[in-house]
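Novice: This is the structure I want to talk about, given as structure tokens.
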Amino acid sequence: DAGVIQSPRHEVTEMGQEVTLRCKPISGHNSLFWYRQTMMRGLELLIYFNNNVPIDDSGMPEDRFSAKMPNASFSTLKIQPSEPRDSAVYFCASSPAAVDYNEQFFGPGTRLTVL
Amino acid sequence: DAKTTQPNSMESNEEEPVHLPCNHSTISGTDYIHWYRQLPSQGPEYVIHGLTSNVNNRMASLAIAEDRKSSTLILHRATLRDAAVYYCILRDEQSGYALNFGKGTSLLVTP
């Protein structure tokens, strides 16, 4: 298995532009997570899907952020319009099931820079 | 969520054992203790987890105190590749889907 796949690996954009990050979870995993990592706030959960349904999006910073999971093998995180403070590394992770003893498998991340 | 406390940084020599401590004095009976690590420029990766008994896997060992208020991740022979930030995380049924990463311990391994 190729593991969790994220694209692009790096994204540089200008303030106000729309940014779309993509994630392909590990086949057979039912849960998908989007995290963001910054120096100031560390790693924080943005949103979590179970069986393609968003369960908890309380970590999404504001309405400029949206996430979708149209099928079991694909998810997107969109920022519109982007702002410099959105600059961070965004990680996608998947898990066989979101239970407290299951591990999460992380992708390599997308490094986003908003100028 | 119950909180964990870890030293900010530790240093070890290559090929020596490393003991990474974690305090979780407010742990509840149903909290699992998970350890993840993040190598430079990579996503976090699972290391090990346990509930009450000590655990071993190919990467590390997890020693859990009898009162469960602390635990220790043991790397038996540190290599340069083990240099990473190590996170000790508590997970329970209510927060089971979220990994609440703290600041972790930055491990430096020197040749």
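Residues in the structure tokens are named by chain (A, B, ... in the order shown) and by number from 1 within that chain; ligands are numbered from 1 in the order shown.
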Considering only C-alpha atoms, return as number ranges by chain whatever protein or nucleic-acid residues lie within 8 Å of Arg68 (chain B), sequence-local ones (same chain, fewer than 6 positions apart) excluded.
Specialist: B: 24-25, 27, 52
Novice: Any chance you can output those residues with all heavy atoms as a CSV table (one decimal), in the first residue's frame?
Specialist:
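Final output, result-v8.csv:
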```csv
chain,number,residue,atom,x,y,z
B,24,HIS,N,1.1,11.7,33.3
B,24,HIS,CA,-0.3,11.9,33.0
B,24,HIS,C,-1.1,11.6,34.3
B,24,HIS,O,-1.8,10.6,34.4
B,24,HIS,CB,-0.8,11.1,31.8
B,24,HIS,CG,0.0,9.8,31.6
B,24,HIS,ND1,-0.2,8.7,32.3
B,24,HIS,CD2,0.9,9.5,30.7
B,24,HIS,CE1,0.6,7.7,31.9
B,24,HIS,NE2,1.3,8.2,30.9
B,25,SER,N,-1.0,12.5,35.2
B,25,SER,CA,-1.5,12.3,36.6
B,25,SER,C,-3.0,12.2,36.6
B,25,SER,O,-3.6,11.7,37.6
B,25,SER,CB,-0.9,13.3,37.6
B,25,SER,OG,-1.3,14.6,37.1
B,27,ILE,N,-5.0,10.9,34.4
B,27,ILE,CA,-5.5,9.8,33.5
B,27,ILE,C,-6.7,9.1,34.1
B,27,ILE,O,-6.8,8.9,35.3
B,27,ILE,CB,-4.3,8.8,33.1
B,27,ILE,CG1,-4.7,7.9,32.0
B,27,ILE,CG2,-3.9,8.0,34.4
B,27,ILE,CD1,-3.6,7.1,31.5
B,52,THR,N,-2.8,-0.8,30.2
B,52,THR,CA,-2.4,-1.0,31.6
B,52,THR,C,-1.1,-1.8,31.6
B,52,THR,O,-0.2,-1.5,32.4
B,52,THR,CB,-3.4,-1.8,32.4
B,52,THR,OG1,-3.7,-3.1,31.6
B,52,THR,CG2,-4.7,-1.1,32.5
```
Novice: Near chain B, meaning an atom within 9 Å, which residues of chain A appear when counting only C-alpha atoms? Write them as an MDAnalysis selection string.
Specialist: chainID A and resid 31 33 42:45 48 91:93 97:109
Novice: Would you list, as a PyMOL selection string, the residues of region 13-77 of chain A that end up in strand (DSSP E or B) under DSSP run on this structure's backbone?
Specialist: chain A and resi 13+19-24+31-38+42-50+53-56+65-71+74-77
Novice: Output N, CA and C atoms of each residue in that selection to a file, as a CSV table (one decimal), in the first residue's frame.
Specialist:
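To be explicit, this is the file written out as selection.csv:
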```csv
chain,number,residue,atom,x,y,z
A,13,THR,N,0.9,30.6,-2.9
A,13,THR,CA,-0.1,31.3,-3.5
A,13,THR,C,-0.2,32.7,-2.9
A,19,VAL,N,-7.3,28.0,-2.6
A,19,VAL,CA,-6.4,26.9,-2.4
A,19,VAL,C,-7.1,25.6,-2.2
A,20,THR,N,-6.8,24.5,-2.9
A,20,THR,CA,-7.4,23.2,-2.7
A,20,THR,C,-6.3,22.2,-2.4
A,21,LEU,N,-6.4,21.5,-1.3
A,21,LEU,CA,-5.5,20.5,-0.9
A,21,LEU,C,-6.2,19.1,-1.0
A,22,ARG,N,-5.5,18.1,-1.5
A,22,ARG,CA,-6.1,16.8,-1.8
A,22,ARG,C,-5.5,15.7,-1.0
A,23,CYS,N,-6.4,14.7,-0.7
A,23,CYS,CA,-5.9,13.6,0.1
A,23,CYS,C,-6.6,12.3,-0.4
A,24,LYS,N,-5.7,11.3,-0.5
A,24,LYS,CA,-6.3,9.9,-0.8
A,24,LYS,C,-5.9,9.0,0.4
A,31,SER,N,-12.0,6.2,8.4
A,31,SER,CA,-12.0,7.5,9.0
A,31,SER,C,-10.9,8.3,8.4
A,32,LEU,N,-11.1,9.6,8.2
A,32,LEU,CA,-10.2,10.5,7.6
A,32,LEU,C,-10.1,11.8,8.4
A,33,PHE,N,-8.9,12.3,8.6
A,33,PHE,CA,-8.7,13.5,9.5
A,33,PHE,C,-7.8,14.5,8.7
A,34,TRP,N,-8.1,15.7,8.9
A,34,TRP,CA,-7.3,16.8,8.5
A,34,TRP,C,-6.7,17.6,9.7
A,35,TYR,N,-5.4,17.7,9.7
A,35,TYR,CA,-4.7,18.4,10.8
A,35,TYR,C,-3.9,19.6,10.1
A,36,ARG,N,-3.6,20.6,11.0
A,36,ARG,CA,-2.8,21.7,10.6
A,36,ARG,C,-1.6,21.8,11.6
A,37,GLN,N,-0.4,22.1,11.1
A,37,GLN,CA,0.7,22.3,12.0
A,37,GLN,C,1.4,23.6,11.8
A,38,THR,N,1.5,24.4,12.8
A,38,THR,CA,2.2,25.7,12.8
A,38,THR,C,3.1,25.7,14.0
A,42,GLY,N,1.3,24.3,17.0
A,42,GLY,CA,1.6,22.9,16.9
A,42,GLY,C,0.6,22.2,16.0
A,43,LEU,N,0.4,20.9,16.3
A,43,LEU,CA,-0.6,20.1,15.5
A,43,LEU,C,-2.0,20.2,16.0
A,44,GLU,N,-2.9,20.6,15.2
A,44,GLU,CA,-4.3,20.7,15.7
A,44,GLU,C,-5.3,20.0,14.6
A,45,LEU,N,-6.3,19.4,15.2
A,45,LEU,CA,-7.3,18.7,14.3
A,45,LEU,C,-8.2,19.8,13.7
A,46,LEU,N,-8.4,19.7,12.4
A,46,LEU,CA,-9.4,20.6,11.8
A,46,LEU,C,-10.8,20.0,11.6
A,47,ILE,N,-10.8,18.8,11.1
A,47,ILE,CA,-12.1,18.1,10.8
A,47,ILE,C,-11.8,16.6,10.7
A,48,TYR,N,-12.9,15.9,11.0
A,48,TYR,CA,-12.8,14.4,10.9
A,48,TYR,C,-14.0,13.9,10.2
A,49,PHE,N,-13.8,12.9,9.3
A,49,PHE,CA,-14.9,12.2,8.6
A,49,PHE,C,-14.9,10.8,9.0
A,50,ASN,N,-16.1,10.2,9.1
A,50,ASN,CA,-16.3,8.8,9.3
A,50,ASN,C,-17.2,8.3,8.3
A,53,VAL,N,-18.7,10.9,6.0
A,53,VAL,CA,-19.6,11.9,6.6
A,53,VAL,C,-18.8,12.8,7.6
A,54,PRO,N,-18.9,14.1,7.5
A,54,PRO,CA,-18.2,15.0,8.5
A,54,PRO,C,-18.8,14.8,9.9
A,55,ILE,N,-18.0,14.5,10.8
A,55,ILE,CA,-18.5,14.2,12.2
A,55,ILE,C,-18.2,15.4,13.1
A,56,ASP,N,-17.1,16.0,13.0
A,56,ASP,CA,-16.7,17.1,13.9
A,56,ASP,C,-15.8,18.1,13.1
A,65,PHE,N,-12.7,28.1,5.4
A,65,PHE,CA,-12.2,26.7,5.3
A,65,PHE,C,-13.4,25.8,5.0
A,66,SER,N,-13.3,24.9,4.1
A,66,SER,CA,-14.3,23.9,3.9
A,66,SER,C,-13.6,22.5,3.5
A,67,ALA,N,-14.2,21.5,3.8
A,67,ALA,CA,-13.7,20.1,3.5
A,67,ALA,C,-14.8,19.2,3.0
A,68,LYS,N,-14.5,18.4,2.1
A,68,LYS,CA,-15.4,17.5,1.5
A,68,LYS,C,-14.8,16.1,1.4
A,69,MET,N,-15.6,15.1,1.4
A,69,MET,CA,-15.2,13.7,1.1
A,69,MET,C,-16.3,13.1,0.2
A,70,PRO,N,-16.2,13.2,-1.1
A,70,PRO,CA,-17.2,12.7,-2.0
A,70,PRO,C,-17.3,11.2,-2.1
A,71,ASN,N,-16.2,10.6,-1.8
A,71,ASN,CA,-16.2,9.1,-1.7
A,71,ASN,C,-15.1,8.6,-0.8
A,74,PHE,N,-11.2,9.8,-1.5
A,74,PHE,CA,-10.8,11.1,-1.9
A,74,PHE,C,-11.4,12.2,-0.9
A,75,SER,N,-10.5,13.1,-0.5
A,75,SER,CA,-11.0,14.2,0.3
A,75,SER,C,-10.3,15.5,-0.1
A,76,THR,N,-11.0,16.6,0.0
A,76,THR,CA,-10.4,17.9,-0.3
A,76,THR,C,-10.5,18.9,0.9
A,77,LEU,N,-9.6,19.7,1.1
A,77,LEU,CA,-9.7,20.8,2.0
A,77,LEU,C,-9.4,22.1,1.2
```
Novice: So how many Å separate CA of Asn51 (chain A) and CA of Pro8 (chain A), to one decimal?
Specialist: 24.0 Å
Novice: So how many Å separate CA of Thr110 (chain A) and CA of Ser94 (chain A), to one decimal?
Specialist: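 It comes out at 15.4 Å.
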Novice: Can you tell me, as an MDAnalysis selection string, what residues are no more than 12 Å from region 7-9 of chain B when counting only C-alpha atoms, ignoring any on the same chain fewer than 2 positions away?
Specialist: chainID B and resid 4:5 11:12 19:23 72 83:88 102:109
Novice: Between CA of Thr110 (chain B) and CA of Leu75 (chain B), what distance in Å does the model show, to one decimal?
Specialist: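 It comes out at 14.4 Å.
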Novice: Can you pull out the residues contacting Ala60 (chain B)? Cut-off 7 Å, using only C-alpha atoms, and skip same-chain residues under 5 positions away; I want them as a JSON list (two decimals) with N, CA and C atoms, in the first residue's frame.
Specialist:
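Dumped to part_6.json:
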```json
[["chain", "number", "residue", "atom", "x", "y", "z"],
["B", 73, "LEU", "N", 8.49, 5.66, 27.25],
["B", 73, "LEU", "CA", 8.78, 5.04, 25.95],
["B", 73, "LEU", "C", 10.26, 4.69, 25.93],
["B", 74, "ILE", "N", 10.54, 3.46, 25.58],
["B", 74, "ILE", "CA", 11.92, 2.98, 25.59],
["B", 74, "ILE", "C", 12.35, 2.62, 24.18],
["B", 75, "LEU", "N", 13.37, 3.31, 23.71],
["B", 75, "LEU", "CA", 14.03, 2.92, 22.46],
["B", 75, "LEU", "C", 15.28, 2.15, 22.89],
["B", 76, "HIS", "N", 15.37, 0.91, 22.50],
["B", 76, "HIS", "CA", 16.41, 0.04, 23.06],
["B", 76, "HIS", "C", 17.81, 0.38, 22.57]]
```
Novice: As a PDB file with all heavy atoms, in the first residue's frame, please: the residues near Asp86 (chain A) (cut-off 10 Å, only C-alpha atoms, same-chain neighbours under 6 positions excluded).
Specialist:
```pdb
ATOM      1  N   MET A  15      -2.317  35.985  -1.357  1.00  0.00           N
ATOM      2  CA  MET A  15      -3.483  36.273  -0.522  1.00  0.00           C
ATOM      3  C   MET A  15      -4.710  36.527  -1.397  1.00  0.00           C
ATOM      4  O   MET A  15      -4.629  37.220  -2.416  1.00  0.00           O
ATOM      5  CB  MET A  15      -3.203  37.500   0.334  1.00  0.00           C
ATOM      6  CG  MET A  15      -4.311  37.876   1.270  1.00  0.00           C
ATOM      7  SD  MET A  15      -3.845  39.236   2.349  1.00  0.00           S
ATOM      8  CE  MET A  15      -3.578  40.534   1.203  1.00  0.00           C
ATOM      9  N   ARG A  36      -3.607  20.564  10.974  1.00  0.00           N
ATOM     10  CA  ARG A  36      -2.765  21.676  10.556  1.00  0.00           C
ATOM     11  C   ARG A  36      -1.647  21.833  11.575  1.00  0.00           C
ATOM     12  O   ARG A  36      -1.882  21.709  12.782  1.00  0.00           O
ATOM     13  CB  ARG A  36      -3.593  22.963  10.475  1.00  0.00           C
ATOM     14  CG  ARG A  36      -2.800  24.198  10.093  1.00  0.00           C
ATOM     15  CD  ARG A  36      -3.701  25.380   9.863  1.00  0.00           C
ATOM     16  NE  ARG A  36      -4.347  25.862  11.082  1.00  0.00           N
ATOM     17  CZ  ARG A  36      -5.100  26.955  11.127  1.00  0.00           C
ATOM     18  NH1 ARG A  36      -5.300  27.657  10.029  1.00  0.00           N
ATOM     19  NH2 ARG A  36      -5.642  27.336  12.264  1.00  0.00           N
ATOM     20  N   THR A  38       1.462  24.426  12.802  1.00  0.00           N
ATOM     21  CA  THR A  38       2.199  25.675  12.770  1.00  0.00           C
ATOM     22  C   THR A  38       3.150  25.712  13.959  1.00  0.00           C
ATOM     23  O   THR A  38       2.977  24.963  14.929  1.00  0.00           O
ATOM     24  CB  THR A  38       1.267  26.897  12.851  1.00  0.00           C
ATOM     25  OG1 THR A  38       0.546  26.827  14.105  1.00  0.00           O
ATOM     26  CG2 THR A  38       0.264  26.910  11.707  1.00  0.00           C
ATOM     27  N   PRO A  61     -11.044  26.698  11.294  1.00  0.00           N
ATOM     28  CA  PRO A  61     -10.847  28.056  11.827  1.00  0.00           C
ATOM     29  C   PRO A  61     -12.003  28.992  11.547  1.00  0.00           C
ATOM     30  O   PRO A  61     -12.409  29.749  12.414  1.00  0.00           O
ATOM     31  CB  PRO A  61      -9.567  28.529  11.146  1.00  0.00           C
ATOM     32  CG  PRO A  61      -8.891  27.314  10.647  1.00  0.00           C
ATOM     33  CD  PRO A  61      -9.949  26.309  10.384  1.00  0.00           C
ATOM     34  N   PHE A  65     -12.677  28.092   5.375  1.00  0.00           N
ATOM     35  CA  PHE A  65     -12.223  26.710   5.257  1.00  0.00           C
ATOM     36  C   PHE A  65     -13.424  25.790   5.030  1.00  0.00           C
ATOM     37  O   PHE A  65     -14.451  25.906   5.705  1.00  0.00           O
ATOM     38  CB  PHE A  65     -11.507  26.269   6.541  1.00  0.00           C
ATOM     39  CG  PHE A  65     -10.129  26.827   6.709  1.00  0.00           C
ATOM     40  CD1 PHE A  65      -9.928  28.173   6.954  1.00  0.00           C
ATOM     41  CD2 PHE A  65      -9.021  25.994   6.627  1.00  0.00           C
ATOM     42  CE1 PHE A  65      -8.643  28.688   7.109  1.00  0.00           C
ATOM     43  CE2 PHE A  65      -7.734  26.492   6.793  1.00  0.00           C
ATOM     44  CZ  PHE A  65      -7.553  27.846   7.045  1.00  0.00           C
ATOM     45  N   ILE A  79      -9.520  26.367   0.941  1.00  0.00           N
ATOM     46  CA  ILE A  79      -9.439  27.647   1.643  1.00  0.00           C
ATOM     47  C   ILE A  79      -9.747  28.738   0.609  1.00  0.00           C
ATOM     48  O   ILE A  79      -9.075  28.841  -0.417  1.00  0.00           O
ATOM     49  CB  ILE A  79      -8.041  27.898   2.236  1.00  0.00           C
ATOM     50  CG1 ILE A  79      -7.590  26.708   3.100  1.00  0.00           C
ATOM     51  CG2 ILE A  79      -8.048  29.170   3.092  1.00  0.00           C
ATOM     52  CD1 ILE A  79      -6.145  26.799   3.571  1.00  0.00           C
ATOM     53  N   LEU A 112       1.839  24.854   2.808  1.00  0.00           N
ATOM     54  CA  LEU A 112       1.162  25.972   2.168  1.00  0.00           C
ATOM     55  C   LEU A 112       1.792  27.289   2.603  1.00  0.00           C
ATOM     56  O   LEU A 112       1.957  27.536   3.806  1.00  0.00           O
ATOM     57  CB  LEU A 112      -0.327  25.977   2.537  1.00  0.00           C
ATOM     58  CG  LEU A 112      -1.137  27.184   2.075  1.00  0.00           C
ATOM     59  CD1 LEU A 112      -1.191  27.242   0.545  1.00  0.00           C
ATOM     60  CD2 LEU A 112      -2.551  27.160   2.655  1.00  0.00           C
ATOM     61  N   THR A 113       2.132  28.092   1.627  1.00  0.00           N
ATOM     62  CA  THR A 113       2.640  29.432   1.888  1.00  0.00           C
ATOM     63  C   THR A 113       1.736  30.423   1.174  1.00  0.00           C
ATOM     64  O   THR A 113       1.560  30.339  -0.041  1.00  0.00           O
ATOM     65  CB  THR A 113       4.075  29.617   1.378  1.00  0.00           C
ATOM     66  OG1 THR A 113       4.923  28.632   1.995  1.00  0.00           O
ATOM     67  CG2 THR A 113       4.598  31.011   1.707  1.00  0.00           C
ATOM     68  N   VAL A 114       1.151  31.319   1.950  1.00  0.00           N
ATOM     69  CA  VAL A 114       0.283  32.363   1.389  1.00  0.00           C
ATOM     70  C   VAL A 114       1.011  33.702   1.526  1.00  0.00           C
ATOM     71  O   VAL A 114       1.311  34.139   2.636  1.00  0.00           O
ATOM     72  CB  VAL A 114      -1.081  32.408   2.091  1.00  0.00           C
ATOM     73  CG1 VAL A 114      -1.978  33.443   1.415  1.00  0.00           C
ATOM     74  CG2 VAL A 114      -1.747  31.040   2.081  1.00  0.00           C
ATOM     75  N   LEU A 115       1.290  34.307   0.397  1.00  0.00           N
ATOM     76  CA  LEU A 115       2.062  35.566   0.404  1.00  0.00           C
ATOM     77  C   LEU A 115       1.163  36.786   0.527  1.00  0.00           C
ATOM     78  O   LEU A 115      -0.020  36.723   0.149  1.00  0.00           O
ATOM     79  CB  LEU A 115       2.890  35.645  -0.877  1.00  0.00           C
ATOM     80  CG  LEU A 115       3.845  34.461  -1.114  1.00  0.00           C
ATOM     81  CD1 LEU A 115       4.500  34.584  -2.471  1.00  0.00           C
ATOM     82  CD2 LEU A 115       4.885  34.396  -0.007  1.00  0.00           C
TER      83      LEU A 115
END
```
